[in-house]
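Here is upload_2.cif, consisting of mmCIF, N, CA and C atoms:
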data_upload
#
loop_
_atom_site.label_atom_id
_atom_site.label_comp_id
_atom_site.auth_asym_id
_atom_site.auth_seq_id
_atom_site.Cartn_x
_atom_site.Cartn_y
_atom_site.Cartn_z
N MET Q 1286 14.57 4.36 12.69
CA MET Q 1286 13.30 3.74 12.35
C MET Q 1286 13.58 2.29 11.98
N PHE Q 1287 12.94 1.38 12.68
CA PHE Q 1287 13.12 -0.04 12.41
C PHE Q 1287 11.88 -0.59 11.75
N GLY Q 1288 12.07 -1.35 10.71
CA GLY Q 1288 10.95 -1.95 9.99
C GLY Q 1288 10.64 -3.33 10.54
N PRO Q 1289 9.76 -4.01 9.84
CA PRO Q 1289 9.44 -5.37 10.24
C PRO Q 1289 10.67 -6.26 10.07
N THR Q 1290 10.76 -7.29 10.88
CA THR Q 1290 11.84 -8.26 10.74
C THR Q 1290 11.48 -9.25 9.64
N LEU Q 1291 12.44 -10.07 9.26
CA LEU Q 1291 12.17 -11.11 8.28
C LEU Q 1291 11.09 -12.06 8.81
N ALA Q 1292 11.15 -12.38 10.10
CA ALA Q 1292 10.13 -13.24 10.69
C ALA Q 1292 8.75 -12.58 10.61
N ASP Q 1293 8.69 -11.27 10.88
CA ASP Q 1293 7.42 -10.53 10.75
C ASP Q 1293 6.91 -10.62 9.32
N ALA Q 1294 7.80 -10.37 8.36
CA ALA Q 1294 7.42 -10.37 6.95
C ALA Q 1294 6.87 -11.74 6.54
N ASN Q 1295 7.55 -12.78 6.94
CA ASN Q 1295 7.07 -14.12 6.59
C ASN Q 1295 5.75 -14.45 7.25
N ARG Q 1296 5.55 -13.97 8.46
CA ARG Q 1296 4.27 -14.21 9.16
C ARG Q 1296 3.15 -13.41 8.48
N ILE Q 1297 3.42 -12.16 8.10
CA ILE Q 1297 2.42 -11.35 7.37
C ILE Q 1297 1.97 -12.10 6.13
N ILE Q 1298 2.93 -12.63 5.38
CA ILE Q 1298 2.60 -13.35 4.16
C ILE Q 1298 1.79 -14.61 4.47
N ALA Q 1299 2.20 -15.35 5.47
CA ALA Q 1299 1.48 -16.58 5.83
C ALA Q 1299 0.03 -16.28 6.20
N ILE Q 1300 -0.19 -15.23 6.97
CA ILE Q 1300 -1.55 -14.86 7.37
C ILE Q 1300 -2.36 -14.39 6.16
N ALA Q 1301 -1.73 -13.61 5.27
CA ALA Q 1301 -2.41 -13.18 4.04
C ALA Q 1301 -2.82 -14.39 3.21
N PHE Q 1302 -1.94 -15.38 3.11
CA PHE Q 1302 -2.25 -16.60 2.36
C PHE Q 1302 -3.39 -17.37 3.02
N GLU Q 1303 -3.38 -17.44 4.34
CA GLU Q 1303 -4.47 -18.12 5.07
C GLU Q 1303 -5.80 -17.45 4.76
N LYS Q 1304 -5.82 -16.12 4.76
CA LYS Q 1304 -7.04 -15.36 4.47
C LYS Q 1304 -7.51 -15.66 3.05
N ALA Q 1305 -6.59 -15.65 2.10
CA ALA Q 1305 -6.95 -15.95 0.71
C ALA Q 1305 -7.54 -17.35 0.59
N SER Q 1306 -6.95 -18.29 1.28
CA SER Q 1306 -7.45 -19.67 1.24
C SER Q 1306 -8.82 -19.77 1.90
N ASP Q 1307 -8.98 -19.11 3.05
CA ASP Q 1307 -10.28 -19.13 3.75
C ASP Q 1307 -11.39 -18.56 2.88
N LEU Q 1308 -11.08 -17.54 2.08
CA LEU Q 1308 -12.07 -16.89 1.22
C LEU Q 1308 -12.17 -17.54 -0.17
N ASP Q 1309 -11.36 -18.59 -0.39
CA ASP Q 1309 -11.33 -19.30 -1.67
C ASP Q 1309 -11.03 -18.34 -2.83
N LEU Q 1310 -10.02 -17.49 -2.62
CA LEU Q 1310 -9.63 -16.53 -3.65
C LEU Q 1310 -8.71 -17.19 -4.67
N LYS Q 1311 -8.49 -16.50 -5.76
CA LYS Q 1311 -7.49 -16.93 -6.73
C LYS Q 1311 -6.13 -16.91 -6.03
N PRO Q 1312 -5.15 -17.67 -6.53
CA PRO Q 1312 -3.82 -17.67 -5.90
C PRO Q 1312 -3.21 -16.26 -5.90
N ILE Q 1313 -2.64 -15.89 -4.78
CA ILE Q 1313 -2.08 -14.54 -4.62
C ILE Q 1313 -0.56 -14.60 -4.45
N GLY Q 1314 0.04 -13.43 -4.61
CA GLY Q 1314 1.43 -13.21 -4.26
C GLY Q 1314 1.48 -12.06 -3.29
N ALA Q 1315 2.47 -12.06 -2.40
CA ALA Q 1315 2.58 -11.00 -1.40
C ALA Q 1315 4.05 -10.60 -1.22
N ALA Q 1316 4.28 -9.29 -1.16
CA ALA Q 1316 5.62 -8.74 -0.95
C ALA Q 1316 5.59 -7.84 0.27
N VAL Q 1317 6.63 -7.93 1.10
CA VAL Q 1317 6.77 -7.06 2.27
C VAL Q 1317 8.06 -6.28 2.11
N LEU Q 1318 7.94 -4.95 2.26
CA LEU Q 1318 9.09 -4.04 2.11
C LEU Q 1318 9.41 -3.36 3.43
N ASP Q 1319 10.67 -3.03 3.61
CA ASP Q 1319 11.07 -2.25 4.78
C ASP Q 1319 10.76 -0.78 4.50
N PRO Q 1320 10.99 0.13 5.46
CA PRO Q 1320 10.60 1.53 5.26
C PRO Q 1320 11.36 2.24 4.13
N GLY Q 1321 12.49 1.69 3.70
CA GLY Q 1321 13.24 2.27 2.60
C GLY Q 1321 12.86 1.70 1.24
N GLY Q 1322 11.84 0.83 1.22
CA GLY Q 1322 11.38 0.25 -0.04
C GLY Q 1322 12.16 -0.97 -0.48
N HIS Q 1323 12.96 -1.54 0.41
CA HIS Q 1323 13.73 -2.73 0.09
C HIS Q 1323 12.91 -3.98 0.41
N LEU Q 1324 13.00 -4.96 -0.45
CA LEU Q 1324 12.25 -6.20 -0.27
C LEU Q 1324 12.77 -6.99 0.92
N LEU Q 1325 11.84 -7.37 1.80
CA LEU Q 1325 12.16 -8.28 2.90
C LEU Q 1325 11.78 -9.70 2.54
N ALA Q 1326 10.60 -9.87 1.94
CA ALA Q 1326 10.14 -11.22 1.60
C ALA Q 1326 9.08 -11.15 0.51
N PHE Q 1327 9.07 -12.17 -0.32
CA PHE Q 1327 8.03 -12.34 -1.33
C PHE Q 1327 7.74 -13.82 -1.46
N GLN Q 1328 6.46 -14.13 -1.56
CA GLN Q 1328 6.04 -15.49 -1.85
C GLN Q 1328 4.79 -15.43 -2.71
N ARG Q 1329 4.58 -16.49 -3.47
CA ARG Q 1329 3.34 -16.59 -4.24
C ARG Q 1329 2.78 -17.98 -4.02
N GLN Q 1330 1.46 -18.05 -3.98
CA GLN Q 1330 0.80 -19.33 -3.81
C GLN Q 1330 0.95 -20.15 -5.09
N ASP Q 1331 0.89 -21.46 -4.95
CA ASP Q 1331 0.92 -22.33 -6.11
C ASP Q 1331 -0.18 -21.91 -7.08
N GLY Q 1332 0.18 -21.83 -8.35
CA GLY Q 1332 -0.79 -21.48 -9.37
C GLY Q 1332 -0.95 -19.99 -9.62
N ALA Q 1333 -0.25 -19.16 -8.85
CA ALA Q 1333 -0.34 -17.71 -9.08
C ALA Q 1333 0.24 -17.38 -10.45
N SER Q 1334 -0.39 -16.46 -11.14
CA SER Q 1334 0.04 -16.12 -12.49
C SER Q 1334 1.32 -15.27 -12.48
N ILE Q 1335 1.86 -15.09 -13.69
CA ILE Q 1335 3.10 -14.33 -13.80
C ILE Q 1335 2.86 -12.85 -13.46
N LEU Q 1336 3.89 -12.15 -13.22
CA LEU Q 1336 3.91 -10.74 -12.82
C LEU Q 1336 3.42 -10.50 -11.39
N ARG Q 1337 3.16 -11.54 -10.64
CA ARG Q 1337 2.70 -11.34 -9.26
C ARG Q 1337 3.74 -10.60 -8.44
N PHE Q 1338 5.02 -10.91 -8.63
CA PHE Q 1338 6.05 -10.18 -7.87
C PHE Q 1338 6.01 -8.70 -8.21
N GLU Q 1339 6.07 -8.37 -9.50
CA GLU Q 1339 6.14 -6.98 -9.92
C GLU Q 1339 4.93 -6.17 -9.44
N ILE Q 1340 3.75 -6.77 -9.50
CA ILE Q 1340 2.54 -6.05 -9.09
C ILE Q 1340 2.48 -5.90 -7.57
N ALA Q 1341 2.76 -6.98 -6.83
CA ALA Q 1341 2.75 -6.88 -5.36
C ALA Q 1341 3.79 -5.87 -4.88
N PHE Q 1342 4.99 -5.96 -5.43
CA PHE Q 1342 6.05 -5.02 -5.07
C PHE Q 1342 5.62 -3.60 -5.40
N GLY Q 1343 5.06 -3.39 -6.60
CA GLY Q 1343 4.65 -2.06 -7.03
C GLY Q 1343 3.56 -1.44 -6.19
N LYS Q 1344 2.63 -2.26 -5.70
CA LYS Q 1344 1.59 -1.73 -4.81
C LYS Q 1344 2.20 -1.27 -3.49
N ALA Q 1345 3.08 -2.10 -2.91
CA ALA Q 1345 3.72 -1.74 -1.65
C ALA Q 1345 4.67 -0.56 -1.83
N TYR Q 1346 5.43 -0.56 -2.91
CA TYR Q 1346 6.39 0.51 -3.19
C TYR Q 1346 5.68 1.85 -3.37
N GLY Q 1347 4.56 1.83 -4.10
CA GLY Q 1347 3.79 3.05 -4.31
C GLY Q 1347 3.25 3.61 -3.01
N ALA Q 1348 2.79 2.72 -2.13
CA ALA Q 1348 2.28 3.16 -0.83
C ALA Q 1348 3.40 3.86 -0.05
N LEU Q 1349 4.57 3.26 -0.02
CA LEU Q 1349 5.69 3.88 0.70
C LEU Q 1349 6.12 5.19 0.04
N ALA Q 1350 6.17 5.21 -1.28
CA ALA Q 1350 6.64 6.38 -2.00
C ALA Q 1350 5.78 7.61 -1.74
N VAL Q 1351 4.46 7.39 -1.63
CA VAL Q 1351 3.54 8.51 -1.47
C VAL Q 1351 3.16 8.71 0.00
N GLY Q 1352 3.34 7.69 0.82
CA GLY Q 1352 3.02 7.79 2.25
C GLY Q 1352 1.57 7.55 2.57
N VAL Q 1353 0.86 6.89 1.64
CA VAL Q 1353 -0.54 6.51 1.85
C VAL Q 1353 -0.74 5.12 1.24
N GLY Q 1354 -1.79 4.44 1.65
CA GLY Q 1354 -2.07 3.14 1.06
C GLY Q 1354 -2.32 3.26 -0.43
N SER Q 1355 -2.16 2.13 -1.13
CA SER Q 1355 -2.26 2.19 -2.58
C SER Q 1355 -3.69 2.42 -3.07
N ARG Q 1356 -4.69 2.25 -2.21
CA ARG Q 1356 -6.06 2.64 -2.58
C ARG Q 1356 -6.09 4.15 -2.83
N ALA Q 1357 -5.44 4.92 -1.97
CA ALA Q 1357 -5.37 6.37 -2.16
C ALA Q 1357 -4.51 6.72 -3.37
N VAL Q 1358 -3.45 5.96 -3.61
CA VAL Q 1358 -2.61 6.20 -4.79
C VAL Q 1358 -3.43 5.96 -6.05
N ALA Q 1359 -4.26 4.92 -6.06
CA ALA Q 1359 -5.12 4.64 -7.21
C ALA Q 1359 -6.10 5.78 -7.47
N ARG Q 1360 -6.66 6.31 -6.40
CA ARG Q 1360 -7.58 7.44 -6.53
C ARG Q 1360 -6.86 8.66 -7.08
N MET Q 1361 -5.66 8.91 -6.60
CA MET Q 1361 -4.86 10.04 -7.09
C MET Q 1361 -4.58 9.88 -8.59
N ALA Q 1362 -4.31 8.66 -9.02
CA ALA Q 1362 -3.98 8.41 -10.43
C ALA Q 1362 -5.16 8.76 -11.34
N VAL Q 1363 -6.37 8.54 -10.84
CA VAL Q 1363 -7.57 8.88 -11.62
C VAL Q 1363 -7.80 10.38 -11.59
N GLU Q 1364 -7.69 10.97 -10.40
CA GLU Q 1364 -7.99 12.39 -10.24
C GLU Q 1364 -6.90 13.30 -10.80
N ARG Q 1365 -5.66 12.83 -10.77
CA ARG Q 1365 -4.52 13.65 -11.20
C ARG Q 1365 -3.59 12.80 -12.06
N PRO Q 1366 -3.99 12.52 -13.31
CA PRO Q 1366 -3.19 11.62 -14.15
C PRO Q 1366 -1.75 12.09 -14.38
N ASN Q 1367 -1.52 13.39 -14.38
CA ASN Q 1367 -0.14 13.86 -14.55
C ASN Q 1367 0.72 13.50 -13.35
N LEU Q 1368 0.12 13.48 -12.16
CA LEU Q 1368 0.85 13.03 -10.98
C LEU Q 1368 1.23 11.57 -11.14
N ALA Q 1369 0.29 10.75 -11.60
CA ALA Q 1369 0.57 9.33 -11.80
C ALA Q 1369 1.70 9.13 -12.80
N LEU Q 1370 1.68 9.90 -13.88
CA LEU Q 1370 2.75 9.81 -14.87
C LEU Q 1370 4.09 10.21 -14.26
N GLY Q 1371 4.07 11.27 -13.47
CA GLY Q 1371 5.29 11.73 -12.82
C GLY Q 1371 5.84 10.70 -11.84
N LEU Q 1372 4.96 10.11 -11.06
CA LEU Q 1372 5.39 9.08 -10.11
C LEU Q 1372 5.97 7.87 -10.84
N SER Q 1373 5.30 7.49 -11.92
CA SER Q 1373 5.78 6.35 -12.70
C SER Q 1373 7.17 6.64 -13.26
N GLY Q 1374 7.33 7.83 -13.82
CA GLY Q 1374 8.63 8.19 -14.38
C GLY Q 1374 9.71 8.30 -13.32
N ALA Q 1375 9.39 8.94 -12.22
CA ALA Q 1375 10.38 9.14 -11.16
C ALA Q 1375 10.80 7.82 -10.51
N SER Q 1376 9.88 6.84 -10.51
CA SER Q 1376 10.18 5.56 -9.87
C SER Q 1376 10.70 4.52 -10.85
N GLY Q 1377 10.87 4.91 -12.09
CA GLY Q 1377 11.30 3.93 -13.09
C GLY Q 1377 10.22 2.91 -13.39
N GLY Q 1378 8.96 3.33 -13.24
CA GLY Q 1378 7.83 2.45 -13.53
C GLY Q 1378 7.52 1.45 -12.43
N LYS Q 1379 8.08 1.64 -11.25
CA LYS Q 1379 7.89 0.68 -10.15
C LYS Q 1379 6.53 0.77 -9.48
N ILE Q 1380 5.88 1.92 -9.52
CA ILE Q 1380 4.63 2.12 -8.77
C ILE Q 1380 3.44 1.55 -9.53
N VAL Q 1381 2.65 0.74 -8.83
CA VAL Q 1381 1.42 0.17 -9.38
C VAL Q 1381 0.25 0.78 -8.61
N PRO Q 1382 -0.51 1.70 -9.21
CA PRO Q 1382 -1.56 2.42 -8.50
C PRO Q 1382 -2.89 1.65 -8.45
N LEU Q 1383 -2.89 0.57 -7.68
CA LEU Q 1383 -4.10 -0.25 -7.47
C LEU Q 1383 -4.21 -0.60 -6.00
N PRO Q 1384 -5.42 -0.71 -5.45
CA PRO Q 1384 -5.56 -1.15 -4.07
C PRO Q 1384 -4.92 -2.53 -3.86
N GLY Q 1385 -4.42 -2.73 -2.67
CA GLY Q 1385 -3.75 -3.98 -2.32
C GLY Q 1385 -2.40 -3.75 -1.69
N GLY Q 1386 -1.96 -2.48 -1.67
CA GLY Q 1386 -0.73 -2.10 -0.98
C GLY Q 1386 -1.08 -1.32 0.27
N VAL Q 1387 -0.65 -1.81 1.42
CA VAL Q 1387 -0.97 -1.13 2.68
C VAL Q 1387 0.32 -0.82 3.43
N LEU Q 1388 0.29 0.31 4.10
CA LEU Q 1388 1.41 0.69 4.94
C LEU Q 1388 1.34 -0.09 6.25
N ILE Q 1389 2.51 -0.44 6.76
CA ILE Q 1389 2.62 -1.09 8.07
C ILE Q 1389 2.99 -0.01 9.07
N VAL Q 1390 2.16 0.17 10.08
CA VAL Q 1390 2.33 1.26 11.03
C VAL Q 1390 2.48 0.70 12.45
N ARG Q 1391 3.51 1.22 13.15
CA ARG Q 1391 3.72 0.87 14.56
C ARG Q 1391 3.84 2.16 15.34
N ASN Q 1392 2.98 2.32 16.34
CA ASN Q 1392 3.00 3.52 17.18
C ASN Q 1392 2.95 4.80 16.35
N GLY Q 1393 2.13 4.80 15.31
CA GLY Q 1393 1.94 5.98 14.48
C GLY Q 1393 3.03 6.21 13.45
N GLU Q 1394 4.03 5.34 13.37
CA GLU Q 1394 5.14 5.51 12.45
C GLU Q 1394 5.08 4.44 11.36
N ILE Q 1395 5.27 4.85 10.11
CA ILE Q 1395 5.31 3.91 8.99
C ILE Q 1395 6.62 3.15 9.05
N ILE Q 1396 6.52 1.82 9.13
CA ILE Q 1396 7.72 0.99 9.24
C ILE Q 1396 7.90 0.05 8.06
N GLY Q 1397 7.01 0.13 7.08
CA GLY Q 1397 7.12 -0.73 5.91
C GLY Q 1397 5.80 -0.77 5.17
N ALA Q 1398 5.72 -1.72 4.25
CA ALA Q 1398 4.49 -1.88 3.48
C ALA Q 1398 4.39 -3.32 3.00
N VAL Q 1399 3.16 -3.73 2.74
CA VAL Q 1399 2.90 -5.03 2.14
C VAL Q 1399 2.02 -4.82 0.92
N GLY Q 1400 2.33 -5.55 -0.13
CA GLY Q 1400 1.52 -5.52 -1.35
C GLY Q 1400 1.04 -6.93 -1.65
N VAL Q 1401 -0.23 -7.04 -2.00
CA VAL Q 1401 -0.83 -8.34 -2.34
C VAL Q 1401 -1.51 -8.20 -3.69
N THR Q 1402 -1.42 -9.23 -4.51
CA THR Q 1402 -2.06 -9.25 -5.81
C THR Q 1402 -2.43 -10.67 -6.21
N GLY Q 1403 -3.46 -10.76 -7.05
CA GLY Q 1403 -3.85 -12.07 -7.57
C GLY Q 1403 -5.35 -12.23 -7.71
N ASP Q 1404 -6.12 -11.56 -6.86
CA ASP Q 1404 -7.57 -11.60 -6.94
C ASP Q 1404 -8.04 -10.17 -7.25
N THR Q 1405 -9.25 -9.82 -6.86
CA THR Q 1405 -9.67 -8.44 -7.05
C THR Q 1405 -8.85 -7.54 -6.14
N SER Q 1406 -8.74 -6.29 -6.50
CA SER Q 1406 -7.97 -5.36 -5.67
C SER Q 1406 -8.53 -5.26 -4.25
N ASP Q 1407 -9.85 -5.30 -4.10
CA ASP Q 1407 -10.45 -5.24 -2.77
C ASP Q 1407 -10.06 -6.46 -1.95
N ASN Q 1408 -10.08 -7.64 -2.56
CA ASN Q 1408 -9.68 -8.86 -1.85
C ASN Q 1408 -8.19 -8.87 -1.55
N ASP Q 1409 -7.39 -8.36 -2.49
CA ASP Q 1409 -5.95 -8.25 -2.24
C ASP Q 1409 -5.70 -7.39 -1.00
N GLU Q 1410 -6.38 -6.26 -0.94
CA GLU Q 1410 -6.22 -5.35 0.20
C GLU Q 1410 -6.65 -6.03 1.49
N LEU Q 1411 -7.76 -6.76 1.45
CA LEU Q 1411 -8.24 -7.48 2.63
C LEU Q 1411 -7.19 -8.46 3.15
N CYS Q 1412 -6.54 -9.18 2.25
CA CYS Q 1412 -5.49 -10.12 2.65
C CYS Q 1412 -4.29 -9.40 3.24
N ALA Q 1413 -3.91 -8.28 2.64
CA ALA Q 1413 -2.78 -7.49 3.15
C ALA Q 1413 -3.08 -6.98 4.56
N VAL Q 1414 -4.27 -6.44 4.74
CA VAL Q 1414 -4.66 -5.94 6.07
C VAL Q 1414 -4.66 -7.07 7.08
N SER Q 1415 -5.19 -8.22 6.71
CA SER Q 1415 -5.23 -9.37 7.62
C SER Q 1415 -3.82 -9.75 8.06
N GLY Q 1416 -2.88 -9.74 7.11
CA GLY Q 1416 -1.51 -10.09 7.46
C GLY Q 1416 -0.89 -9.13 8.44
N VAL Q 1417 -1.05 -7.84 8.18
CA VAL Q 1417 -0.45 -6.83 9.07
C VAL Q 1417 -1.11 -6.85 10.44
N GLU Q 1418 -2.44 -6.84 10.47
CA GLU Q 1418 -3.13 -6.85 11.76
C GLU Q 1418 -2.92 -8.16 12.50
N GLY Q 1419 -2.67 -9.22 11.75
CA GLY Q 1419 -2.44 -10.53 12.36
C GLY Q 1419 -1.17 -10.62 13.19
N ILE Q 1420 -0.22 -9.70 12.95
CA ILE Q 1420 0.97 -9.67 13.80
C ILE Q 1420 0.92 -8.52 14.80
N GLY Q 1421 -0.25 -7.92 14.93
CA GLY Q 1421 -0.45 -6.90 15.97
C GLY Q 1421 -0.05 -5.49 15.56
N LEU Q 1422 0.07 -5.23 14.26
CA LEU Q 1422 0.41 -3.89 13.81
C LEU Q 1422 -0.77 -3.28 13.08
N GLU Q 1423 -0.69 -1.98 12.78
CA GLU Q 1423 -1.77 -1.27 12.11
C GLU Q 1423 -1.52 -1.24 10.61
N ALA Q 1424 -2.58 -1.49 9.84
CA ALA Q 1424 -2.51 -1.42 8.38
C ALA Q 1424 -3.21 -0.15 7.93
N GLN Q 1425 -2.53 0.65 7.14
CA GLN Q 1425 -3.11 1.90 6.63
C GLN Q 1425 -3.36 1.72 5.13
N CYS Q 1426 -4.64 1.77 4.74
CA CYS Q 1426 -5.04 1.57 3.34
C CYS Q 1426 -5.19 2.86 2.58
N GLU Q 1427 -5.49 3.95 3.25
CA GLU Q 1427 -5.78 5.23 2.60
C GLU Q 1427 -4.63 6.20 2.77
#

Output the file's structure in the form of structure tokens.
Amino acid sequence: MFGPTLADANRIIAIAFEKASDLDLKPIGAAVLDPGGHLLAFQRQDGASILRFEIAFGKAYGALAVGVGSRAVARMAVERPNLALGLSGASGGKIVPLPGGVLIVRNGEIIGAVGVTGDTSDNDELCAVSGVEGIGLEAQCE
């Protein structure tokens, strides 16, 4: 299983940033992970607040860990709080159960994830989807 390349990751981030700028959103940060949850690239726009790395990484990491977009992980955390506690404990607190983490899918196979944070969770997710779809891949939010 091959994940996105470094060039893919940087392009995903650039497109997500373009979307955020086009929508006049608050400054965002974006992290792209390979299928094993390893960081490929992270950037934050000028003026982005602290913890942007940890939150963006956590949204993407949670999506990969559970195999669904972080919108679904957020819903699970509300519906099954003990599951959320277990995931948090098992991951060493790495999982952030908020929308904005999307799986990167190629030919039906999960090849990585992107997490975006900085504006509302819905806008973060929109930027993440734009980045993934902007390089011709499928973004899975649920």

Which residue of Q:Phe1342, Q:Gly1416, Q:Gly1386, Q:Ile1396 approaches Ala1299 (chain Q) most closely, using all atoms listed in the file: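 Of Q:Phe1342, Q:Gly1416, Q:Gly1386, Q:Ile1396, the one nearest Ala1299 (chain Q) is Q:Gly1416, counting all atoms listed in the file.
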
- Task: Taking the chain letters and numbering used in this document, name the residues of region 1288-1427 of chain Q that DSSP puts in strand (DSSP E), as a PyMOL selection string.
- Result: chain Q and resi 1314-1318+1324-1329+1386-1391+1394-1402+1423-1425

Name the residues that the PyMOL selection byres ((chain Q and resi 1426) around 8) pulls out of this structure, and write them as a ChimeraX atom specification. /Q:1353-1358,1384-1389,1410,1414,1423-1425,1427

In terms of all atoms listed in the file, the residue from Q:Gly1400, Q:Gly1371, Q:Pro1366, Q:Gly1343 at minimal distance from Ala1413 (chain Q) is Q:Gly1400

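Among the candidate residues Q:Ser1376, Q:Thr1405, Q:Asn1367, Q:Gln1330, the one lying nearest to Ile1298 (chain Q) is Q:Gln1330, with distances computed using only C-alpha atoms.
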
Worksheet item: Contacts of Ala1341 (chain Q) at 10 Å or less, counting only C-alpha atoms, minus same-chain residues fewer than 3 places along, as a list in words?
Response: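 The residues that qualify are Ile1313, Gly1314, Ala1315, Ala1316, Val1317, Phe1327, Gln1328, Arg1329, Leu1336, Arg1337, Phe1338, Lys1344, Ala1345, Tyr1346, Ile1380, Val1381, Leu1383, Gly1385, Gly1386, Val1399, Gly1400, Val1401, Thr1402, Gly1403 and Asp1409 of chain Q.
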
Quick one: residues within 7 Å of Leu1422 (chain Q), only N, CA and C atoms, excluding same-chain residues fewer than 2 positions away - as a PyMOL selection string?
chain Q and resi 1389-1391+1417-1420+1424

- Task: Find the residue from Q:Glu1339, Q:Asp1331, Q:Glu1364, Q:Asp1404 that sits nearest to Leu1310 (chain Q); use all atoms listed in the file when measuring.
- Result: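 Nearest candidate to Leu1310 (chain Q) out of Q:Glu1339, Q:Asp1331, Q:Glu1364, Q:Asp1404: Q:Asp1404.
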